[in-house]
Each structure stands twice: as structure tokens, then as C-alpha cells.
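Student: I am attaching a structure below and will ask some questions about it afterwards.
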Amino acid sequence: MKESNVVHINGPVTVVGDIHGQYYDLIEIFRIGGYCPDTNYLFLGDYVDRGLYSIETISLLTCLKLRYPDRVQLVRGNHESRAVTQTYGFYTECIRKYGSMQVWKYFTDMFDYLTLSVVINNSIFCVHGGLSPTIHVLDQIRIQDRFREIPHEGAIADLVWSDPDPEKEEFSISARGAGYTFGSLVVDRFLHMNGMDHILRAHQLCNAGYQILFDDKLSTVWSAPNYCYRCGNLASILEVGVHGERFFNVFDAAPENDRIMDSTGLGKVRHYSILQTIKQSIDIITSDRDSKRICYFLLLNMSYMFIQLAYGIWTNSLGLISDAIHMFFDCLALSIGLFAAVMSQWPVNDEFTYGYDRIETLAAYFNGVFLVFISLSIITEAIQRLIKPPEMTTHHLLIVSVIGLMVNLVGIFAFQHGHNHSHSHHGHNQSHGHHANMKGVFLHMVADTLGSCGVIVSTLLIQRFGWTGFDPIASLFIAVLIIISVIPLIRQATEVMMLELDDDKVAMVEGTLQEVKSLYGVYNVTHIRFWPYETDSIVGSIHVQVQDDIDTQAMRKAVTDLLQTHISGLKELCVQIELYSAIKRNRSAVSQKGFFHTPMYGGISSTNNAHVNYRPISLSTPPIQYTDNNMNNRPQTMMSVLQKQTKKE
């Protein structure tokens, strides 16, 4: 709070551009540029969103700022806002890692206190985005009220959203929908009026890691290599000397083997040997009650399957043989369910940033379809045996069937008890994808139990009346029951995988949206996106267009509360508030390919007084060595960096 909106510092200082939650690339920056307090740092904003480790990134930078307030400067970027972080990852990461939005609220409240700009050596103006048509001299920045959410328009919005355009001379409407694009005359005028000679900013992706425009009067520094883990771009940091000389240090993404998993298992997947993979899977199975239950029953089911199959072949009982064959596929289904339960706890990675939870929904779908195919095959065989009843031996068949029924009843009791217990004690913390997986396994057990019952009933009827046709009739009846019972599971799993809501939920969402439109000050509701996350949970996102005199924060809270209380199962929600005046202005803006698209201008216009050093991976400084003791401890990684920062004290 004590810092001005324009902080004055002196060189030497290392300037860092956008980081976007790429924590290990931030560690790489410290390896290249040096650790605090040996090196002064100026960070130009956009610390969160997009990457996997926004929390770790902003936590480390906050600690460094608190420890070395005169040697670390943090400028606010356009992503340091409540509206943007709800859309591009930081909010979701906080919910996923901490289970509530409280951590996100603490950080976004802190963002309101970050400074807007920095001046180096009274000659280099540093800002996240660019210039504003309402800002001509630095005093106009100093009087801005920065202790609030970034507005959709105005001077503060322009400072964090604007971009340079080498094809323009003056200000123009930005395709981003916020801020402006500005040209060479705007830059010349601003530098002249403030007695400075260079503007340094971030905000735009540069494939080369940096960009210099307007005859070396403006530079863009970008510090997130391989942006979003897929763009393949280089990154850079800018070292500013005592006399204002500038040196770009270009680098590539941090080596993969420097990335470790944190204490919750989130992060880049490590390279394991087969034995390590088996050990990790066993640990997951033994630590999870449902996984352990599936494993035990799988072993029991498989053992009795061989006994039932052997005796069915000896007695020529279709019911017993089909039940044994079904038990084989049931063992396969149990194996799939067990694998899905283990895989769902694998750590997230760059490709699957939200983990593997939906593998359990896929397993439930597979088990359901599997049951349908097995039932159809049994129906086909039963019809053939009805037409031509076979000879059967019922000696000891009843005893074997009763034993099989007891085995299946044990499984049904164990799984049904676990299902009820988990829901009664854990409530909404129970994953609905996990519930669907367990339901698929449970239906297989029910099918086994019905098969055993069918064999018992048909055996008694055959012994009493002597007609072997009772055996295929019982199998036919049970197969039809199995198909009827499994269809709802297949339908639910299909809806989740196809991202479709059922009619009741659609009606519930549409009715709630009508109530949102009726709120005072709401002009329109657009970009409506609601889809199932799991069987009984929903994820939603909407844009609410409001009148200019409406308190956007109060409106966002009102809309969020209304949606969460009226839509059952709403797991995550993103509400973006848009002012009506900004919407009218954007109608004349040039359309863009998407938020990831940033116009790239051809080449570097000038390299005067800007030396470039490219540091390939092969020439990287020795990485920090991590031991087995802290390999799975996320705070240890951050503490190791902080310890290096204080090595001289």
C-alpha cells in the first residue's frame, strides 16, 4: 500500500515478462539471471492462469517480495484480476488444490495492491500492457485508484491491456475487446513529455522471446517458454545495466527432468520403472477402500469362475457355463474398474491438466456395453437350446450353484454397504465418476447373482419335471433383466462423455437464466455454456451484460449465488460481467482468432543497443538436485529456492 502507482528504481535490474503459472520455468529464470538478493528483479505481471502451477508461482513471488521489498518489484498484469482468473485457470486450480475459493479470494484481494508501473533510471517506463489515450504524463498514473478490481475500460484497463501496432501511428480500437492499440507517434509523444527514451512492456507472446519496435523505443519481453506447454516459443529476460544498457537473455523451456510432483501428486508425471509403477498402483489400491474391495472380490470371483466353468462343462448346463463365462467377463470388468480407480488418481500433466477422473465414467460405459453384449450372446444361445433342448446332468449342480450364489451375495453386500457408507459420510466429496464406475462393477455382480439364481431355479424345475428347457428359459429371462438394468448406466455415461445435459437439468438451467435476466441492471446474458462434469455434477460459464452504473462485483456475486442455489449439482461456475458501453464499442473491433491469438509483427525492427544472448538447453546451468526425501513434497521445492535467495545472510 505504501508503494506509488509509479515506482522509481535504479539499475542494474533483470526484467521478467509474463510467466503464467509456469513455475519450473520461473525456477529456470532464477538459475539464468541469479537468485535474490544477488539480483534485482522487476516482474511485469501475468503471474497466474494458463499454466499448471499458478499458486506455486504467485506464492514464491509474494514471499520474495515480502522478504526483499526493495529488490523485487511486482507490476500488475491483466490476469491479476478476479474476472480473468475465473476464466483462464487460476480459480479452478485453487478449487482443485484447496477445495474452496478462499485461497483464490486472498490472492485476488492482494492483486489490488500491486503497482501499475515502474521507471528504471528515470529513462525506461515499464508497464504490463501499454499506453492510454487518457495518460500523457506520469502524474496521471499516480492519481489513479488502483486498490480495486481492474475495470473494463479506463486508464488502468488501458495500462494492462493495450498493445503496440507498428502499422499504426495513433490509438485504435483493440481486437482484444479491452485497451487500445497504439503506434509510433503515441510512443514518441509519451517519451518526449516524460523525458524518457524507452518503453518496456510484456503482455504479448513473442516467438523469439522478445520484440523491439519503433526504432528501439519500445520492447516487449516474454518469459513463458513453450507457452501453454504447446506453442513452442522461446522466452527471454531483459537485463538492464546501471547506465540503461539492455541485454536480452533468451532461453528455452526448463528441462523436463527438473519437474517434480508435489505433495498431492499433481504435476508432471515422472518416469517410473515397471516395478515402481506396480508399487505405486499397489499403494493406491491398498489406500483406497473401494479399490481394495474390487481387488479382493476380483481374486475371489476368478477362483470360483474356474470351478463353475469346469463343472458346467461336465454337467452340460448352459446356465452354469453361461454363468461361468459371464464371471470371466465379470473378472475382466472388475479389472477394468480397478484400473480406472487407480488411473483416476494419477497426477495431472501438461496434456491432462484436470487429471484422469473421467476414466471412471468411461469404465462404467464400457462395463455397461459389455453386459449388453454378454446378455445378447446368452439370449442367442438360449433360443437355440429352446428349439433343441440338450441333455443335461444335474448331479451336484445345485450345490455348485448355491456356492456361486453365496460368493456373489458376499460381493453385493460388500459393495452395496461401501456405496451407502461413502455417500452417507462424505456427501458431495464422493466423485460421481467414481460412483458410476462402482455402479458398473456392482451391476456385474447383480448379473452374476441373477445367473446363480437362474441356475438354481432351473435345476430344481429340471429335477422335478425332467424338461431341460427350463435352463435356457431361466437364462433368457435373466439376460433380459440385465439389459434393462444396465441401460440407464449406459445412457448416463454417454451423456457425460458427449457433454449433454438431460431434459430436467436443461429446464432447470433455462429457468434460472430467466431469473438472472430479470435482475435489476442486467441487459443480456450471452455465451451460455453448461455441461456435465460427471453424472450428477455440472460446470457452467456465462457472460452477463449489465448497465454502466451497476456495481460489477455485487452483480457477479448476485448472479453466482442465484445460479448456485437454483441449479443442483453445479460444481464450478464462471460469471463474467460486461459493461454495456464496452460491448457497443467492441462491435467495431476487428475479429480475432481467439484469446490465444496474438498478432505477430514481422521481424525485429531494430536491435540498436539491445544485445541478444541465446541459451540453448544443452548449455543450461546445473539443475537443482532433488532427493527422494523431498521429491513428493511441494513446499520443499519452494523452500529450497527461498533458501538459495538468502544464502548470503
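Each chain in the C-alpha cells gets a letter, A, B and so on, in the order shown; residues start at 1 in every chain, and ligands are counted from 1 in the order they appear.
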Name all residues at most 12 Å from Ile135 of chain A (count only C-alpha atoms; drop same-chain ones fewer than 3 positions away) and give them as a count of residues only.
Tutor: 23
Student: Give me, as a PyMOL selection string, all polymer residues having an atom no more than 6 Å from His128 of chain A, counting only C-alpha atoms and skipping those fewer than 6 positions away in the same chain.
Tutor: chain A and resi 44-45+77+160+201-203
Student: So that I can check the surroundings of Met101 of chain A, please list as a ChimeraX atom specification every protein, DNA and RNA residue that reaches within 12 Å of it, counting only C-alpha atoms and ignoring chain neighbours fewer than 4 positions away.
Tutor: /A:82,85-86,90-97,105-108,572-573
Student: What lies within 7 Å of segment 469-475 of chain A using only C-alpha atoms, ignoring chain neighbours under 3 positions off, as a list of chain:residue names?
Tutor: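 Here the qualifying residues turn out to be A:Leu318, A:Gly319, A:Ile378, A:Ala382, A:Arg385, A:Leu386, A:Pro389, A:Gly454, A:Val455, A:Ser458, A:Leu461, A:Ile462, A:Ile478, A:Ala479.
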Student: Those residues with N, CA and C atoms, as a PDB file, in the first residue's frame please?
Tutor:
```
ATOM      1  N   LEU A 318     -26.141 -75.152 -19.617  1.00  0.00           N
ATOM      2  CA  LEU A 318     -25.955 -73.841 -20.248  1.00  0.00           C
ATOM      3  C   LEU A 318     -25.954 -72.735 -19.194  1.00  0.00           C
ATOM      4  N   GLY A 319     -26.842 -72.874 -18.204  1.00  0.00           N
ATOM      5  CA  GLY A 319     -26.896 -71.847 -17.172  1.00  0.00           C
ATOM      6  C   GLY A 319     -25.574 -71.727 -16.434  1.00  0.00           C
ATOM      7  N   ILE A 378     -26.037 -64.631 -24.657  1.00  0.00           N
ATOM      8  CA  ILE A 378     -26.774 -65.635 -23.889  1.00  0.00           C
ATOM      9  C   ILE A 378     -28.175 -65.821 -24.457  1.00  0.00           C
ATOM     10  N   ALA A 382     -29.671 -69.265 -25.792  1.00  0.00           N
ATOM     11  CA  ALA A 382     -30.877 -69.777 -25.135  1.00  0.00           C
ATOM     12  C   ALA A 382     -31.963 -70.105 -26.149  1.00  0.00           C
ATOM     13  N   ARG A 385     -31.189 -73.387 -27.753  1.00  0.00           N
ATOM     14  CA  ARG A 385     -31.442 -74.524 -26.866  1.00  0.00           C
ATOM     15  C   ARG A 385     -32.935 -74.739 -26.616  1.00  0.00           C
ATOM     16  N   LEU A 386     -33.726 -73.669 -26.726  1.00  0.00           N
ATOM     17  CA  LEU A 386     -35.176 -73.861 -26.628  1.00  0.00           C
ATOM     18  C   LEU A 386     -35.702 -74.658 -27.815  1.00  0.00           C
ATOM     19  N   PRO A 389     -33.694 -78.725 -27.074  1.00  0.00           N
ATOM     20  CA  PRO A 389     -33.197 -78.869 -25.704  1.00  0.00           C
ATOM     21  C   PRO A 389     -32.109 -79.938 -25.615  1.00  0.00           C
ATOM     22  N   GLY A 454     -30.798 -68.144 -11.384  1.00  0.00           N
ATOM     23  CA  GLY A 454     -31.407 -68.811 -12.528  1.00  0.00           C
ATOM     24  C   GLY A 454     -31.006 -70.267 -12.621  1.00  0.00           C
ATOM     25  N   VAL A 455     -29.729 -70.553 -12.360  1.00  0.00           N
ATOM     26  CA  VAL A 455     -29.267 -71.941 -12.398  1.00  0.00           C
ATOM     27  C   VAL A 455     -29.949 -72.760 -11.308  1.00  0.00           C
ATOM     28  N   SER A 458     -33.726 -73.268 -12.336  1.00  0.00           N
ATOM     29  CA  SER A 458     -33.847 -74.188 -13.469  1.00  0.00           C
ATOM     30  C   SER A 458     -33.467 -75.607 -13.068  1.00  0.00           C
ATOM     31  N   LEU A 461     -36.416 -77.135 -11.233  1.00  0.00           N
ATOM     32  CA  LEU A 461     -37.500 -77.457 -12.167  1.00  0.00           C
ATOM     33  C   LEU A 461     -37.155 -78.664 -13.029  1.00  0.00           C
ATOM     34  N   ILE A 462     -35.891 -78.761 -13.437  1.00  0.00           N
ATOM     35  CA  ILE A 462     -35.482 -79.910 -14.263  1.00  0.00           C
ATOM     36  C   ILE A 462     -35.579 -81.198 -13.451  1.00  0.00           C
ATOM     37  N   ILE A 478     -33.106 -63.901 -17.345  1.00  0.00           N
ATOM     38  CA  ILE A 478     -32.077 -63.155 -16.619  1.00  0.00           C
ATOM     39  C   ILE A 478     -31.335 -62.205 -17.550  1.00  0.00           C
ATOM     40  N   ALA A 479     -31.059 -62.640 -18.782  1.00  0.00           N
ATOM     41  CA  ALA A 479     -30.347 -61.790 -19.741  1.00  0.00           C
ATOM     42  C   ALA A 479     -31.158 -60.528 -20.055  1.00  0.00           C
TER      43      ALA A 479
END
```
Student: Mind giving me the straight-line distance from atom CA of His79 of chain A to atom CA of Asp46 of chain A in Å, one decimal?
Tutor: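 Between atom CA of His79 of chain A and atom CA of Asp46 of chain A the gap works out to 5.2 Å.
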